[in-house]
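Text of the file input_18.cif, holding mmCIF, C-alpha atoms; chains and numbers go by the auth columns:
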data_structure
loop_
_atom_site.group_PDB
_atom_site.id
_atom_site.type_symbol
_atom_site.label_atom_id
_atom_site.label_comp_id
_atom_site.label_asym_id
_atom_site.label_seq_id
_atom_site.Cartn_x
_atom_site.Cartn_y
_atom_site.Cartn_z
_atom_site.B_iso_or_equiv
_atom_site.auth_seq_id
_atom_site.auth_asym_id
ATOM 1 C CA MET A 1 46.641 116.296 120.801 0.00 1 A
ATOM 2 C CA HIS A 2 48.854 117.618 123.610 0.00 2 A
ATOM 3 C CA HIS A 3 50.963 119.567 121.113 0.00 3 A
ATOM 4 C CA LEU A 4 47.860 121.067 119.486 0.00 4 A
ATOM 5 C CA VAL A 5 46.496 122.224 122.857 0.00 5 A
ATOM 6 C CA GLU A 6 49.881 123.774 123.722 0.00 6 A
ATOM 7 C CA GLN A 7 49.961 125.552 120.353 0.00 7 A
ATOM 8 C CA ILE A 8 46.444 126.950 120.848 0.00 8 A
ATOM 9 C CA LEU A 9 47.406 128.176 124.317 0.00 9 A
ATOM 10 C CA ASP A 10 50.588 129.761 122.942 0.00 10 A
ATOM 11 C CA LEU A 11 48.565 131.435 120.194 0.00 11 A
ATOM 12 C CA ASN A 12 46.356 133.048 122.831 0.00 12 A
ATOM 13 C CA ARG A 13 49.250 133.869 125.196 0.00 13 A
ATOM 14 C CA THR A 14 51.146 135.660 122.432 0.00 14 A
ATOM 15 C CA ASN A 15 48.268 137.720 121.038 0.00 15 A
ATOM 16 C CA PRO A 16 49.672 141.280 120.862 0.00 16 A
ATOM 17 C CA GLU A 17 46.166 142.685 121.419 0.00 17 A
ATOM 18 C CA ILE A 18 46.039 140.982 124.841 0.00 18 A
ATOM 19 C CA ILE A 19 49.580 140.718 126.169 0.00 19 A
ATOM 20 C CA LYS A 20 51.907 143.615 126.840 0.00 20 A
ATOM 21 C CA GLY A 21 55.045 141.550 127.446 0.00 21 A
ATOM 22 C CA GLN A 22 57.793 141.837 130.018 0.00 22 A
ATOM 23 C CA PHE A 23 60.435 143.739 128.132 0.00 23 A
ATOM 24 C CA ARG A 24 64.026 144.063 129.267 0.00 24 A
ATOM 25 C CA GLU A 25 67.424 144.279 127.639 0.00 25 A
ATOM 26 C CA LEU A 26 68.754 140.887 126.557 0.00 26 A
ATOM 27 C CA ASP A 27 71.347 139.340 124.273 0.00 27 A
ATOM 28 C CA LEU A 28 69.588 137.683 121.329 0.00 28 A
ATOM 29 C CA ASP A 29 72.667 135.565 120.578 0.00 29 A
ATOM 30 C CA ALA A 30 72.782 134.158 124.127 0.00 30 A
ATOM 31 C CA LEU A 31 69.078 133.301 123.940 0.00 31 A
ATOM 32 C CA ALA A 32 69.583 131.639 120.538 0.00 32 A
ATOM 33 C CA ARG A 33 72.517 129.601 121.892 0.00 33 A
ATOM 34 C CA ARG A 34 70.422 128.331 124.803 0.00 34 A
ATOM 35 C CA VAL A 35 67.368 127.468 122.687 0.00 35 A
ATOM 36 C CA THR A 36 69.396 125.750 119.943 0.00 36 A
ATOM 37 C CA ALA A 37 71.348 123.760 122.548 0.00 37 A
ATOM 38 C CA GLU A 38 68.051 122.548 124.045 0.00 38 A
ATOM 39 C CA ALA A 39 66.767 121.635 120.554 0.00 39 A
ATOM 40 C CA TRP A 40 69.945 119.874 119.421 0.00 40 A
ATOM 41 C CA PRO A 41 69.026 116.328 120.639 0.00 41 A
ATOM 42 C CA ALA A 42 65.875 116.297 118.476 0.00 42 A
ATOM 43 C CA PHE A 43 67.926 117.340 115.426 0.00 43 A
ATOM 44 C CA SER A 44 70.625 114.801 116.213 0.00 44 A
ATOM 45 C CA ALA A 45 68.014 112.042 116.411 0.00 45 A
ATOM 46 C CA ARG A 46 67.082 112.849 112.785 0.00 46 A
ATOM 47 C CA ASP A 47 70.735 113.073 111.680 0.00 47 A
ATOM 48 C CA GLN A 48 70.225 116.754 110.909 0.00 48 A
ATOM 49 C CA ASN A 49 72.968 119.326 111.258 0.00 49 A
ATOM 50 C CA LEU A 50 71.917 122.254 113.464 0.00 50 A
ATOM 51 C CA ALA A 51 74.377 125.142 113.480 0.00 51 A
ATOM 52 C CA LEU A 52 74.426 128.619 115.001 0.00 52 A
ATOM 53 C CA ASN A 53 76.393 131.593 113.725 0.00 53 A
ATOM 54 C CA GLY A 54 76.060 134.585 115.931 0.00 54 A
ATOM 55 C CA GLU A 55 77.421 137.653 117.513 0.00 55 A
ATOM 56 C CA PRO A 56 76.273 139.393 120.683 0.00 56 A
ATOM 57 C CA VAL A 57 73.325 141.612 119.777 0.00 57 A
ATOM 58 C CA SER A 58 71.371 143.418 122.481 0.00 58 A
ATOM 59 C CA LEU A 59 67.732 144.295 122.124 0.00 59 A
ATOM 60 C CA VAL A 60 64.828 145.109 124.404 0.00 60 A
ATOM 61 C CA GLY A 61 62.437 142.170 124.278 0.00 61 A
ATOM 62 C CA ASP A 62 60.339 139.668 126.165 0.00 62 A
ATOM 63 C CA GLU A 63 62.654 136.697 126.706 0.00 63 A
ATOM 64 C CA ALA A 64 59.902 134.124 127.237 0.00 64 A
ATOM 65 C CA MET A 65 58.115 135.195 124.039 0.00 65 A
ATOM 66 C CA LEU A 66 61.357 135.166 122.020 0.00 66 A
ATOM 67 C CA GLU A 67 62.069 131.664 123.312 0.00 67 A
ATOM 68 C CA ILE A 68 58.625 130.523 122.071 0.00 68 A
ATOM 69 C CA LEU A 69 59.306 132.215 118.716 0.00 69 A
ATOM 70 C CA LEU A 70 62.658 130.504 118.161 0.00 70 A
ATOM 71 C CA THR A 71 61.390 127.146 119.439 0.00 71 A
ATOM 72 C CA ASN A 72 58.530 127.271 116.912 0.00 72 A
ATOM 73 C CA LEU A 73 60.898 128.166 114.079 0.00 73 A
ATOM 74 C CA LEU A 74 63.280 125.354 115.018 0.00 74 A
ATOM 75 C CA ASN A 75 60.430 122.848 115.343 0.00 75 A
ATOM 76 C CA ASN A 76 59.202 123.773 111.854 0.00 76 A
ATOM 77 C CA ALA A 77 62.703 123.534 110.398 0.00 77 A
ATOM 78 C CA ARG A 78 63.257 120.122 112.012 0.00 78 A
ATOM 79 C CA LYS A 79 59.905 118.760 110.837 0.00 79 A
ATOM 80 C CA TYR A 80 60.280 119.866 107.232 0.00 80 A
ATOM 81 C CA THR A 81 63.995 119.222 106.748 0.00 81 A
ATOM 82 C CA PRO A 82 64.788 115.694 105.569 0.00 82 A
ATOM 83 C CA ARG A 83 67.079 113.324 107.450 0.00 83 A
ATOM 84 C CA GLY A 84 70.656 114.452 107.013 0.00 84 A
ATOM 85 C CA GLY A 85 69.539 117.991 106.178 0.00 85 A
ATOM 86 C CA GLU A 86 70.836 121.343 107.368 0.00 86 A
ATOM 87 C CA VAL A 87 69.385 124.007 109.660 0.00 87 A
ATOM 88 C CA LEU A 88 71.256 127.239 110.318 0.00 88 A
ATOM 89 C CA VAL A 89 70.406 129.908 112.896 0.00 89 A
ATOM 90 C CA THR A 90 72.114 133.268 112.455 0.00 90 A
ATOM 91 C CA VAL A 91 72.064 136.237 114.854 0.00 91 A
ATOM 92 C CA GLU A 92 73.608 139.463 113.621 0.00 92 A
ATOM 93 C CA ARG A 93 73.347 143.219 113.480 0.00 93 A
ATOM 94 C CA PHE A 94 71.783 144.351 110.228 0.00 94 A
ATOM 95 C CA ALA A 95 70.904 147.933 109.263 0.00 95 A
ATOM 96 C CA GLY A 96 70.711 149.034 112.902 0.00 96 A
ATOM 97 C CA MET A 97 68.440 146.112 113.810 0.00 97 A
ATOM 98 C CA ALA A 98 68.919 142.790 115.569 0.00 98 A
ATOM 99 C CA ARG A 99 68.426 140.119 112.895 0.00 99 A
ATOM 100 C CA LEU A 100 67.425 136.525 113.575 0.00 100 A
ATOM 101 C CA ARG A 101 67.562 134.194 110.584 0.00 101 A
ATOM 102 C CA VAL A 102 66.504 130.520 110.649 0.00 102 A
ATOM 103 C CA GLU A 103 66.974 128.635 107.418 0.00 103 A
ATOM 104 C CA ASP A 104 66.749 125.019 106.406 0.00 104 A
ATOM 105 C CA SER A 105 67.325 122.642 103.497 0.00 105 A
ATOM 106 C CA GLY A 106 63.749 121.378 103.409 0.00 106 A
ATOM 107 C CA PRO A 107 61.201 121.855 100.621 0.00 107 A
ATOM 108 C CA GLY A 108 60.513 125.512 101.449 0.00 108 A
ATOM 109 C CA ILE A 109 57.254 127.367 100.899 0.00 109 A
ATOM 110 C CA PRO A 110 56.287 128.518 97.400 0.00 110 A
ATOM 111 C CA ALA A 111 56.478 132.317 97.053 0.00 111 A
ATOM 112 C CA ASP A 112 52.734 132.616 96.388 0.00 112 A
ATOM 113 C CA GLU A 113 51.907 130.827 99.682 0.00 113 A
ATOM 114 C CA ARG A 114 54.301 132.655 102.010 0.00 114 A
ATOM 115 C CA GLU A 115 51.854 135.275 103.271 0.00 115 A
ATOM 116 C CA LEU A 116 49.180 132.595 103.772 0.00 116 A
ATOM 117 C CA ALA A 117 51.620 130.599 105.916 0.00 117 A
ATOM 118 C CA PHE A 118 51.041 133.065 108.778 0.00 118 A
ATOM 119 C CA GLU A 119 47.303 132.332 108.885 0.00 119 A
ATOM 120 C CA ARG A 120 45.972 130.129 111.680 0.00 120 A
ATOM 121 C CA PHE A 121 45.641 126.454 110.720 0.00 121 A
ATOM 122 C CA TYR A 122 47.069 127.038 107.235 0.00 122 A
ATOM 123 C CA ARG A 123 48.883 123.986 105.866 0.00 123 A
ATOM 124 C CA GLY A 124 50.579 124.651 102.561 0.00 124 A
ATOM 125 C CA SER A 125 50.423 122.682 99.347 0.00 125 A
ATOM 126 C CA ARG A 126 53.642 120.880 100.295 0.00 126 A
ATOM 127 C CA ALA A 127 52.208 119.745 103.656 0.00 127 A
ATOM 128 C CA ASP A 128 50.143 116.905 102.237 0.00 128 A
ATOM 129 C CA ALA A 129 48.914 113.844 104.086 0.00 129 A
ATOM 130 C CA ALA A 130 52.282 112.122 103.608 0.00 130 A
ATOM 131 C CA GLY A 131 54.163 115.074 105.113 0.00 131 A
ATOM 132 C CA PRO A 132 54.923 115.764 108.756 0.00 132 A
ATOM 133 C CA PRO A 133 51.975 116.321 111.071 0.00 133 A
ATOM 134 C CA GLY A 134 51.264 119.838 112.235 0.00 134 A
ATOM 135 C CA SER A 135 48.540 122.173 113.403 0.00 135 A
ATOM 136 C CA GLY A 136 49.293 125.137 111.156 0.00 136 A
ATOM 137 C CA LEU A 137 49.693 127.400 114.207 0.00 137 A
ATOM 138 C CA GLY A 138 53.481 127.752 114.512 0.00 138 A
ATOM 139 C CA LEU A 139 53.942 130.693 112.150 0.00 139 A
ATOM 140 C CA ALA A 140 50.757 132.389 113.428 0.00 140 A
ATOM 141 C CA ILE A 141 52.314 132.313 116.912 0.00 141 A
ATOM 142 C CA VAL A 142 55.607 133.615 115.506 0.00 142 A
ATOM 143 C CA ARG A 143 53.777 136.493 113.802 0.00 143 A
ATOM 144 C CA HIS A 144 52.086 137.451 117.089 0.00 144 A
ATOM 145 C CA ILE A 145 55.459 137.637 118.826 0.00 145 A
ATOM 146 C CA VAL A 146 56.955 139.611 115.931 0.00 146 A
ATOM 147 C CA GLN A 147 54.079 142.119 116.203 0.00 147 A
ATOM 148 C CA LEU A 148 54.503 142.322 119.987 0.00 148 A
ATOM 149 C CA HIS A 149 58.141 143.333 119.417 0.00 149 A
ATOM 150 C CA ASN A 150 57.327 145.766 116.582 0.00 150 A
ATOM 151 C CA ALA A 151 59.612 143.686 114.378 0.00 151 A
ATOM 152 C CA VAL A 152 59.445 142.730 110.701 0.00 152 A
ATOM 153 C CA ILE A 153 59.311 139.153 109.400 0.00 153 A
ATOM 154 C CA GLU A 154 60.038 137.845 105.930 0.00 154 A
ATOM 155 C CA LEU A 155 59.893 134.371 104.427 0.00 155 A
ATOM 156 C CA ALA A 156 62.483 133.894 101.689 0.00 156 A
ATOM 157 C CA GLU A 157 64.567 131.310 99.881 0.00 157 A
ATOM 158 C CA SER A 158 67.196 129.665 102.046 0.00 158 A
ATOM 159 C CA ARG A 159 70.891 129.911 101.196 0.00 159 A
ATOM 160 C CA PHE A 160 70.905 126.113 100.824 0.00 160 A
ATOM 161 C CA ASP A 161 70.029 124.434 97.506 0.00 161 A
ATOM 162 C CA SER A 162 66.421 124.264 98.705 0.00 162 A
ATOM 163 C CA GLY A 163 64.509 125.355 101.770 0.00 163 A
ATOM 164 C CA LEU A 164 63.049 128.298 103.619 0.00 164 A
ATOM 165 C CA ALA A 165 64.645 131.238 105.382 0.00 165 A
ATOM 166 C CA VAL A 166 62.682 133.028 108.091 0.00 166 A
ATOM 167 C CA ILE A 167 64.216 136.460 108.629 0.00 167 A
ATOM 168 C CA ILE A 168 63.150 138.671 111.531 0.00 168 A
ATOM 169 C CA ASP A 169 64.485 142.176 112.127 0.00 169 A
ATOM 170 C CA PHE A 170 63.958 143.478 115.663 0.00 170 A
ATOM 171 C CA PRO A 171 64.400 147.094 116.719 0.00 171 A
ATOM 172 C CA VAL A 172 67.124 147.201 119.346 0.00 172 A
ATOM 173 C CA GLU A 173 65.164 149.617 121.534 0.00 173 A
ATOM 174 C CA ARG A 174 61.596 149.219 122.751 0.00 174 A
ATOM 175 C CA SER A 175 59.078 151.024 120.604 0.00 175 A
ATOM 176 C CA PRO A 176 55.288 150.794 120.847 0.00 176 A
ATOM 177 C CA ALA A 177 53.883 147.793 118.965 0.00 177 A
#
For the structure just supplied, provide its representation as C-alpha cells.
Amino acid sequence: MHHLVEQILDLNRTNPEIIKGQFRELDLDALARRVTAEAWPAFSARDQNLALNGEPVSLVGDEAMLEILLTNLLNNARKYTPRGGEVLVTVERFAGMARLRVEDSGPGIPADERELAFERFYRGSRADAAGPPGSGLGLAIVRHIVQLHNAVIELAESRFDSGLAVIIDFPVERSPA
C-alpha cells in the first residue's frame, strides 16, 4: 500500500502539465552510476547481474525527476527479470542526443502492448496473478518525466535472448516541453 501511495504521488509530482522542473546541466552517466549503485543490493538479493556501461554525457535536466525515472525503470527490470537474470544500463551519445537504455532478460512486453504499457494502471498480459505485484504506474511516471524533458521514449526488444529495452533519447540542451 505504501508503494502504491508513493507511486500515485510521483505520478502527480511528475505531471508535465503541472511541474516546470528545476533544470540545470548534469552528467547523465554520473546520475546513472549513483542510482544503479543504490539499487545494486536489491538486485544482488535476487542473484541478478546489474551492469552499467556509460560515458560522460551532459544534458540539461531535472536531476530529481531523472532519478525517479531511472529508479522506476530499474524497479521494473528487477521485478520482471528472473533470479539469475541480467539488467544492463547504458548511457551514451547517440545522434546528438543523450541516450539512456535500460534492458533486461525478463519476459518483455509484446509489441502490440508496448504503447498501452504507458497508460496508468495498465498491467500487461504477462503480468498475471502469479507475476510480480505492481500498480501499473511506473511507466506512466516515466512517460511524464520524458515529456517534461522533451525527450523520446521507445520500448523495444532487449539485446538479451529475451526481455525489454527501454530507450530514451534526451536533447542535450533545454528546449520547451
- prompt: Could you tell me, as a ChimeraX atom specification, which residues have any atom at most 12 Å from (62.1, 130.1, 120.8), counting all atoms listed in the file?
  reply: /A:10,28-39,62-76,89,100,102,138-139,141-142,145-146
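CA of Val172 in chain A lies 13.5 Å from CA of Leu148 in chain A.
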Return the padded bounding box of range 72-91 of chain A as AutoDock Vina command-line options: axis-aligned, built from all atoms listed in the file, 4 Å added on each side, with centre and edge lengths in Å to one decimal.
--center_x 65.3 --center_y 124.8 --center_z 111.2 --size_x 21.6 --size_y 30.9 --size_z 19.3
Residue nearest Asp27 in chain A among A:Gly61, A:Gly96, A:Gly108, A:Gly163 (counting all atoms listed in the file): A:Gly61
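Once the PyMOL selection byres ((chain A and resi 155) around 7) is applied to the depicted file, the selected set reads Arg114, Ile153, Glu154, Ala156, Leu164, Ala165, Val166 and Ile167 of chain A.
The coordinates place CA of Phe160 in chain A at 18.7 Å from CA of Arg99 in chain A.
Minimum atom-to-atom distances from A:Ala140, A:Ser162, A:Leu52, A:Ala95 to Glu115 in chain A were compared using only C-alpha atoms, and the lowest value belongs to A:Ala140.
Among the candidate residues A:Ile168, A:Ser44, A:Glu113, A:Gly106, the one lying nearest to Thr90 in chain A is A:Ile168, with distances computed using all atoms listed in the file.
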- request: Please evaluate the PyMOL selection byres ((chain A and resi 169) around 6) against the structure above and give the resulting residues as a PyMOL selection string.
  value: chain A and resi 97-99+151-152+168+170
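Minimum distance to Gly54 in chain A across A:Leu26, A:Ala42, A:Ala111, A:Val91 (counting only C-alpha atoms) occurs at A:Val91.
Of the residues under consideration (A:Glu92, A:Asp161, A:Pro56, A:Glu173), A:Asp161 shows the shortest atom-to-atom contact distance to Pro107 in chain A when counting all atoms listed in the file.
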query: So how many Å separate CA of Ser158 in chain A and CA of Glu103 in chain A, to one decimal?
result: 5.5 Å
Would you save range 64-78 of chain A to a file, keeping N, CA and C atoms, as a JSON list (two decimals), in the first residue's frame?
[["chain", "number", "residue", "atom", "x", "y", "z"],
["A", 64, "ALA", "N", 16.33, 15.45, -9.91],
["A", 64, "ALA", "CA", 15.41, 14.68, -9.07],
["A", 64, "ALA", "C", 14.43, 13.87, -9.92],
["A", 65, "MET", "N", 13.93, 14.48, -10.99],
["A", 65, "MET", "CA", 12.99, 13.77, -11.87],
["A", 65, "MET", "C", 13.70, 12.63, -12.61],
["A", 66, "LEU", "N", 14.92, 12.86, -13.06],
["A", 66, "LEU", "CA", 15.66, 11.80, -13.76],
["A", 66, "LEU", "C", 16.00, 10.65, -12.82],
["A", 67, "GLU", "N", 16.22, 10.96, -11.55],
["A", 67, "GLU", "CA", 16.45, 9.90, -10.57],
["A", 67, "GLU", "C", 15.19, 9.05, -10.40],
["A", 68, "ILE", "N", 14.02, 9.68, -10.34],
["A", 68, "ILE", "CA", 12.76, 8.95, -10.24],
["A", 68, "ILE", "C", 12.57, 8.08, -11.49],
["A", 69, "LEU", "N", 12.87, 8.63, -12.66],
["A", 69, "LEU", "CA", 12.73, 7.90, -13.91],
["A", 69, "LEU", "C", 13.58, 6.64, -13.89],
["A", 70, "LEU", "N", 14.87, 6.77, -13.60],
["A", 70, "LEU", "CA", 15.76, 5.61, -13.62],
["A", 70, "LEU", "C", 15.41, 4.62, -12.52],
["A", 71, "THR", "N", 15.03, 5.11, -11.35],
["A", 71, "THR", "CA", 14.63, 4.21, -10.27],
["A", 71, "THR", "C", 13.42, 3.37, -10.68],
["A", 72, "ASN", "N", 12.44, 3.99, -11.33],
["A", 72, "ASN", "CA", 11.27, 3.24, -11.81],
["A", 72, "ASN", "C", 11.66, 2.21, -12.85],
["A", 73, "LEU", "N", 12.54, 2.56, -13.77],
["A", 73, "LEU", "CA", 12.96, 1.61, -14.79],
["A", 73, "LEU", "C", 13.72, 0.44, -14.17],
["A", 74, "LEU", "N", 14.59, 0.73, -13.21],
["A", 74, "LEU", "CA", 15.33, -0.34, -12.54],
["A", 74, "LEU", "C", 14.41, -1.22, -11.71],
["A", 75, "ASN", "N", 13.44, -0.62, -11.02],
["A", 75, "ASN", "CA", 12.49, -1.41, -10.24],
["A", 75, "ASN", "C", 11.71, -2.36, -11.14],
["A", 76, "ASN", "N", 11.26, -1.87, -12.29],
["A", 76, "ASN", "CA", 10.54, -2.73, -13.23],
["A", 76, "ASN", "C", 11.44, -3.86, -13.73],
["A", 77, "ALA", "N", 12.66, -3.52, -14.10],
["A", 77, "ALA", "CA", 13.59, -4.54, -14.61],
["A", 77, "ALA", "C", 13.85, -5.61, -13.54],
["A", 78, "ARG", "N", 14.05, -5.19, -12.30],
["A", 78, "ARG", "CA", 14.30, -6.13, -11.21],
["A", 78, "ARG", "C", 13.10, -7.03, -10.98]]
